[in-house]
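Below is one structure, written out as structure tokens; comments come after it.
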Amino acid sequence: LGGCTKIRTLKYGFTGVTISDIQIGELEDLEYLDCNSTGAKVLDLSNNHKLKEVQASLNELTEVRLSPQASYETLSLIENKLTKLDLRNIKVRTVLADLNRLKEITFSPDQMYKEISLNGNKLAKLDLRKIKVQTIRAERNKLKEIRLSTKTPYKMISLDGNRLTKLDLRNINVQTVTCRDNRIRSLKVRKNKTIRKLDCRHNKLKSLDVRQCRKLKKLLWYSGSKGLKKSKIRKR
């Protein structure tokens, strides 16, 4: 690609060759990059300041270097081998990092995220108190702790298949929460003014108080004969 510095769209379709073999750092006008299924191990985008969309899924990525000057609409890194992801000082709307090996992720506190999807990783804790995100998906991790912001209006929080033992939603502005298949014994949701759907099936709840959750339209709670009984759900 020597001399082709004005390329705006690049779809990299060669297998058996890593992305480091292409000097994409010289493509100063590059806005769209598709390098899915190329076997790439390292992705260096630190000099591509005009990139808006990155499709880099189904690779062998262990490291990604991003540009603080770029404004990404979508960053898709699904099914790689990333163990950490540093998004500090990175402007991005949608982050898709499912099916990696992530144990650590850091966010930019000044960024408004549309969606963050982290399903199928190894995260043990997740702190979202200082960021704004509409939809957060963190299913099938090892989460024992999640900290949510009381100032952020969430559309969806999806936490199925983790190791949570408690979840406090009382002062959280959220429309939909799914937290099935955890180990939750304490789920606090009473007086939540925004929640519309709550799926808390297959946990260790003995009681549930949803009184004054005036917008709650759908409650999924059944967890078997030894689980939460309908008589232990307080709705009024």
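How things are named: the first chain in the structure tokens is A, the next is B, and so on; residues count from 1 in each chain; ligands count from 1 in the order shown.
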>> For Ala70 in chain A, find every residue with an atom within 7 Å (counting only C-alpha atoms), except residues of its own chain fewer than 4 positions away, and show them as JSON, numbers by chain.
In response: {"A": [49, 50, 51, 91]}
Could you write those residues out with C-alpha atoms, as a PDB file, in the first residue's frame?
```
ATOM      1  CA  HIS A  49      -6.694   9.661  13.829  1.00  0.00           C
ATOM      2  CA  LYS A  50      -9.691   9.747  11.436  1.00  0.00           C
ATOM      3  CA  LEU A  51     -10.898   6.198  12.017  1.00  0.00           C
ATOM      4  CA  LYS A  91     -13.601   8.577  22.353  1.00  0.00           C
TER       5      LYS A  91
END
```
>> My list of candidates is A:Arg137, A:Lys132, A:Lys125, A:Arg196. Which is closest to Leu164 in chain A when distances are computed with only C-alpha atoms?
In response: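 Among the listed residues, the smallest separation from Leu164 in chain A belongs to A:Lys125.
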>> For Asp86 in chain A, find every residue with an atom within 12 Å (counting only C-alpha atoms), except residues of its own chain fewer than 4 positions away, and show them as an NGL selection string.
In response: :A and (63-68 or 82 or 90-92 or 95 or 97 or 102-108)
Since we have the selection now, will you write its residues out, keeping N, CA, C and O atoms, as a PDB file, in the first residue's frame?
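What follows is the written file part.pdb:
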```pdb
ATOM      1  N   GLU A  63      -3.230  -7.415  21.867  1.00  0.00           N
ATOM      2  CA  GLU A  63      -2.953  -6.002  22.157  1.00  0.00           C
ATOM      3  C   GLU A  63      -3.603  -5.118  21.100  1.00  0.00           C
ATOM      4  O   GLU A  63      -3.550  -5.419  19.905  1.00  0.00           O
ATOM      5  N   VAL A  64      -4.230  -4.033  21.556  1.00  0.00           N
ATOM      6  CA  VAL A  64      -4.833  -3.046  20.661  1.00  0.00           C
ATOM      7  C   VAL A  64      -4.378  -1.658  21.103  1.00  0.00           C
ATOM      8  O   VAL A  64      -4.504  -1.310  22.279  1.00  0.00           O
ATOM      9  N   ARG A  65      -3.851  -0.887  20.164  1.00  0.00           N
ATOM     10  CA  ARG A  65      -3.417   0.478  20.452  1.00  0.00           C
ATOM     11  C   ARG A  65      -4.315   1.437  19.681  1.00  0.00           C
ATOM     12  O   ARG A  65      -4.398   1.372  18.458  1.00  0.00           O
ATOM     13  N   LEU A  66      -4.985   2.313  20.418  1.00  0.00           N
ATOM     14  CA  LEU A  66      -5.951   3.225  19.824  1.00  0.00           C
ATOM     15  C   LEU A  66      -5.453   4.655  19.844  1.00  0.00           C
ATOM     16  O   LEU A  66      -4.528   4.998  20.578  1.00  0.00           O
ATOM     17  N   SER A  67      -6.089   5.501  19.032  1.00  0.00           N
ATOM     18  CA  SER A  67      -5.708   6.905  18.944  1.00  0.00           C
ATOM     19  C   SER A  67      -6.612   7.768  19.822  1.00  0.00           C
ATOM     20  O   SER A  67      -7.833   7.763  19.643  1.00  0.00           O
ATOM     21  N   PRO A  68      -6.045   8.538  20.741  1.00  0.00           N
ATOM     22  CA  PRO A  68      -6.845   9.460  21.548  1.00  0.00           C
ATOM     23  C   PRO A  68      -7.471  10.581  20.725  1.00  0.00           C
ATOM     24  O   PRO A  68      -8.393  11.252  21.187  1.00  0.00           O
ATOM     25  N   LEU A  82      -7.722 -10.895  24.084  1.00  0.00           N
ATOM     26  CA  LEU A  82      -7.382  -9.744  24.918  1.00  0.00           C
ATOM     27  C   LEU A  82      -7.605 -10.075  26.397  1.00  0.00           C
ATOM     28  O   LEU A  82      -8.642 -10.613  26.768  1.00  0.00           O
ATOM     29  N   ILE A  90     -10.015   7.637  25.296  1.00  0.00           N
ATOM     30  CA  ILE A  90     -10.447   7.176  23.980  1.00  0.00           C
ATOM     31  C   ILE A  90     -11.918   7.538  23.786  1.00  0.00           C
ATOM     32  O   ILE A  90     -12.764   7.203  24.617  1.00  0.00           O
ATOM     33  N   LYS A  91     -12.219   8.195  22.674  1.00  0.00           N
ATOM     34  CA  LYS A  91     -13.601   8.577  22.353  1.00  0.00           C
ATOM     35  C   LYS A  91     -14.226   7.483  21.488  1.00  0.00           C
ATOM     36  O   LYS A  91     -13.811   7.278  20.346  1.00  0.00           O
ATOM     37  N   VAL A  92     -15.224   6.784  22.038  1.00  0.00           N
ATOM     38  CA  VAL A  92     -15.872   5.694  21.313  1.00  0.00           C
ATOM     39  C   VAL A  92     -17.308   5.566  21.801  1.00  0.00           C
ATOM     40  O   VAL A  92     -17.587   5.715  22.983  1.00  0.00           O
ATOM     41  N   VAL A  95     -18.687  -0.262  22.097  1.00  0.00           N
ATOM     42  CA  VAL A  95     -17.563  -1.172  22.312  1.00  0.00           C
ATOM     43  C   VAL A  95     -18.103  -2.598  22.377  1.00  0.00           C
ATOM     44  O   VAL A  95     -18.931  -2.923  23.237  1.00  0.00           O
ATOM     45  N   ALA A  97     -16.692  -6.263  22.844  1.00  0.00           N
ATOM     46  CA  ALA A  97     -15.495  -7.030  23.198  1.00  0.00           C
ATOM     47  C   ALA A  97     -15.875  -8.371  23.815  1.00  0.00           C
ATOM     48  O   ALA A  97     -15.231  -8.852  24.754  1.00  0.00           O
ATOM     49  N   LEU A 102     -10.801 -11.033  28.929  1.00  0.00           N
ATOM     50  CA  LEU A 102     -10.635  -9.800  29.684  1.00  0.00           C
ATOM     51  C   LEU A 102     -10.771 -10.012  31.191  1.00  0.00           C
ATOM     52  O   LEU A 102     -11.776 -10.528  31.679  1.00  0.00           O
ATOM     53  N   LYS A 103      -9.744  -9.571  31.905  1.00  0.00           N
ATOM     54  CA  LYS A 103      -9.778  -9.537  33.360  1.00  0.00           C
ATOM     55  C   LYS A 103      -9.805  -8.102  33.866  1.00  0.00           C
ATOM     56  O   LYS A 103     -10.103  -7.866  35.039  1.00  0.00           O
ATOM     57  N   GLU A 104      -9.515  -7.175  32.953  1.00  0.00           N
ATOM     58  CA  GLU A 104      -9.450  -5.763  33.341  1.00  0.00           C
ATOM     59  C   GLU A 104      -9.881  -4.882  32.180  1.00  0.00           C
ATOM     60  O   GLU A 104      -9.487  -5.106  31.033  1.00  0.00           O
ATOM     61  N   ILE A 105     -10.708  -3.884  32.470  1.00  0.00           N
ATOM     62  CA  ILE A 105     -11.089  -2.887  31.477  1.00  0.00           C
ATOM     63  C   ILE A 105     -11.209  -1.541  32.169  1.00  0.00           C
ATOM     64  O   ILE A 105     -11.765  -1.448  33.273  1.00  0.00           O
ATOM     65  N   THR A 106     -10.655  -0.510  31.549  1.00  0.00           N
ATOM     66  CA  THR A 106     -10.723   0.846  32.104  1.00  0.00           C
ATOM     67  C   THR A 106     -11.389   1.752  31.079  1.00  0.00           C
ATOM     68  O   THR A 106     -11.178   1.616  29.878  1.00  0.00           O
ATOM     69  N   PHE A 107     -12.210   2.682  31.597  1.00  0.00           N
ATOM     70  CA  PHE A 107     -13.011   3.544  30.740  1.00  0.00           C
ATOM     71  C   PHE A 107     -12.586   4.994  30.873  1.00  0.00           C
ATOM     72  O   PHE A 107     -11.897   5.382  31.809  1.00  0.00           O
ATOM     73  N   SER A 108     -13.053   5.801  29.913  1.00  0.00           N
ATOM     74  CA  SER A 108     -12.852   7.242  29.968  1.00  0.00           C
ATOM     75  C   SER A 108     -14.041   7.874  30.681  1.00  0.00           C
ATOM     76  O   SER A 108     -15.179   7.731  30.223  1.00  0.00           O
TER      77      SER A 108
END
```
> Can you list, as a PyMOL selection string, every protein, DNA or RNA residue that comes within 7 Å of Asn203 in chain A when you count only C-alpha atoms, leaving out same-chain residues fewer than 4 positions away?
Replying inline: chain A and resi 180-184+223
> From the set A:Thr62, A:Asn121, A:Asn171, A:Ser71, which residue has the shortest atom-to-atom contact distance to Asn141 in chain A, counting only C-alpha atoms?
Replying inline: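 Ranking A:Thr62, A:Asn121, A:Asn171, A:Ser71 by distance to Asn141 in chain A, first place goes to A:Asn121.
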> Interatomic distance between CA of Lys191 in chain A and CA of Gln212 in chain A?
Replying inline: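 CA of Lys191 in chain A sits 4.6 Å away from CA of Gln212 in chain A.
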> With only C-alpha atoms as the atoms that count, which of A:Leu30, A:Leu219, A:Met112, A:Leu187 lies nearest to Gln134 in chain A?
Replying inline: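 Of all the options, A:Met112 lies closest to Gln134 in chain A.
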>> Between CA of Leu118 in chain A and CA of Val174 in chain A, what distance in Å does the model show, to one decimal?
In response: 18.6 Å
>> If you run DSSP on the backbone here, which positions in range 29-217 of chain A get strand (DSSP E or B)? Please write them as a PyMOL selection string.
In response: chain A and resi 32-34+42-44+53-55+63-65+71-76+84-86+91-96+104-106+112-117+125-127+132-137+145-147+153-158+166-168+173-178+186-188+197-199+208-209
Go ahead and write the residues just picked, C-alpha atoms, as an mmCIF file, in the first residue's frame.
```cif
data_model
loop_
_atom_site.group_PDB
_atom_site.id
_atom_site.type_symbol
_atom_site.label_atom_id
_atom_site.label_comp_id
_atom_site.auth_asym_id
_atom_site.auth_seq_id
_atom_site.Cartn_x
_atom_site.Cartn_y
_atom_site.Cartn_z
ATOM 1 C CA TYR A 32 -13.231 2.376 8.090
ATOM 2 C CA LEU A 33 -11.143 -0.715 8.785
ATOM 3 C CA ASP A 34 -12.293 -4.321 8.432
ATOM 4 C CA VAL A 42 -1.394 -6.877 17.437
ATOM 5 C CA LEU A 43 -3.479 -3.994 16.119
ATOM 6 C CA ASP A 44 -1.781 -0.597 16.167
ATOM 7 C CA GLU A 53 -15.300 2.215 12.630
ATOM 8 C CA VAL A 54 -13.034 -0.730 13.432
ATOM 9 C CA GLN A 55 -14.073 -4.320 12.702
ATOM 10 C CA GLU A 63 -2.953 -6.002 22.157
ATOM 11 C CA VAL A 64 -4.833 -3.046 20.661
ATOM 12 C CA ARG A 65 -3.417 0.478 20.452
ATOM 13 C CA SER A 71 -13.692 9.523 17.406
ATOM 14 C CA TYR A 72 -14.802 5.913 17.001
ATOM 15 C CA GLU A 73 -18.444 5.064 16.375
ATOM 16 C CA THR A 74 -17.880 1.318 16.692
ATOM 17 C CA LEU A 75 -14.975 -0.697 18.031
ATOM 18 C CA SER A 76 -15.620 -4.398 17.425
ATOM 19 C CA LYS A 84 -7.096 -6.132 29.237
ATOM 20 C CA LEU A 85 -8.547 -3.152 27.397
ATOM 21 C CA ASP A 86 -7.608 0.441 28.171
ATOM 22 C CA LYS A 91 -13.601 8.577 22.353
ATOM 23 C CA VAL A 92 -15.872 5.694 21.313
ATOM 24 C CA ARG A 93 -19.640 5.178 21.204
ATOM 25 C CA THR A 94 -20.007 1.390 20.933
ATOM 26 C CA VAL A 95 -17.563 -1.172 22.312
ATOM 27 C CA LEU A 96 -18.053 -4.850 21.426
ATOM 28 C CA GLU A 104 -9.450 -5.763 33.341
ATOM 29 C CA ILE A 105 -11.089 -2.887 31.477
ATOM 30 C CA THR A 106 -10.723 0.846 32.104
ATOM 31 C CA MET A 112 -20.880 8.855 26.715
ATOM 32 C CA TYR A 113 -21.142 5.238 25.536
ATOM 33 C CA LYS A 114 -24.115 3.914 23.597
ATOM 34 C CA GLU A 115 -23.316 0.269 24.287
ATOM 35 C CA ILE A 116 -20.606 -1.718 26.024
ATOM 36 C CA SER A 117 -20.768 -5.470 25.464
ATOM 37 C CA LYS A 125 -15.583 -6.722 39.087
ATOM 38 C CA LEU A 126 -16.951 -3.832 37.064
ATOM 39 C CA ASP A 127 -17.039 -0.201 38.166
ATOM 40 C CA LYS A 132 -22.297 7.138 31.147
ATOM 41 C CA VAL A 133 -23.548 4.168 29.149
ATOM 42 C CA GLN A 134 -27.004 3.340 27.797
ATOM 43 C CA THR A 135 -26.636 -0.430 27.500
ATOM 44 C CA ILE A 136 -24.177 -2.612 29.404
ATOM 45 C CA ARG A 137 -23.904 -6.348 28.718
ATOM 46 C CA GLU A 145 -19.171 -7.051 42.263
ATOM 47 C CA ILE A 146 -20.679 -4.373 40.034
ATOM 48 C CA ARG A 147 -20.932 -0.696 40.888
ATOM 49 C CA PRO A 153 -30.059 6.643 32.697
ATOM 50 C CA TYR A 154 -29.532 3.020 31.628
ATOM 51 C CA LYS A 155 -31.674 1.343 29.000
ATOM 52 C CA MET A 156 -30.453 -2.147 29.823
ATOM 53 C CA ILE A 157 -28.176 -3.845 32.316
ATOM 54 C CA SER A 158 -27.565 -7.510 31.501
ATOM 55 C CA LYS A 166 -26.243 -9.052 45.951
ATOM 56 C CA LEU A 167 -27.556 -6.284 43.714
ATOM 57 C CA ASP A 168 -28.901 -2.895 44.768
ATOM 58 C CA ASN A 173 -32.293 4.818 36.690
ATOM 59 C CA VAL A 174 -32.761 1.740 34.519
ATOM 60 C CA GLN A 175 -35.501 0.297 32.285
ATOM 61 C CA THR A 176 -34.466 -3.364 31.944
ATOM 62 C CA VAL A 177 -32.349 -5.566 34.216
ATOM 63 C CA THR A 178 -31.541 -9.238 33.673
ATOM 64 C CA SER A 186 -30.224 -9.857 48.276
ATOM 65 C CA LEU A 187 -31.909 -7.933 45.450
ATOM 66 C CA LYS A 188 -33.001 -4.439 46.437
ATOM 67 C CA LYS A 197 -38.583 -5.370 33.240
ATOM 68 C CA LEU A 198 -36.730 -7.467 35.814
ATOM 69 C CA ASP A 199 -35.532 -11.023 35.198
ATOM 70 C CA LEU A 208 -38.338 -9.821 46.811
ATOM 71 C CA ASP A 209 -39.834 -6.398 47.497
#
```
> Could you name the residues that touch Arg101 in chain A at 9 Å or less, counting only C-alpha atoms, but leaving out those on the same chain fewer than 5 positions away, as a PyMOL selection string?
Replying inline: chain A and resi 79-84+120-123
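As for CA of Asn59 in chain A and CA of Leu87 in chain A, they are spaced 19.6 Å apart.
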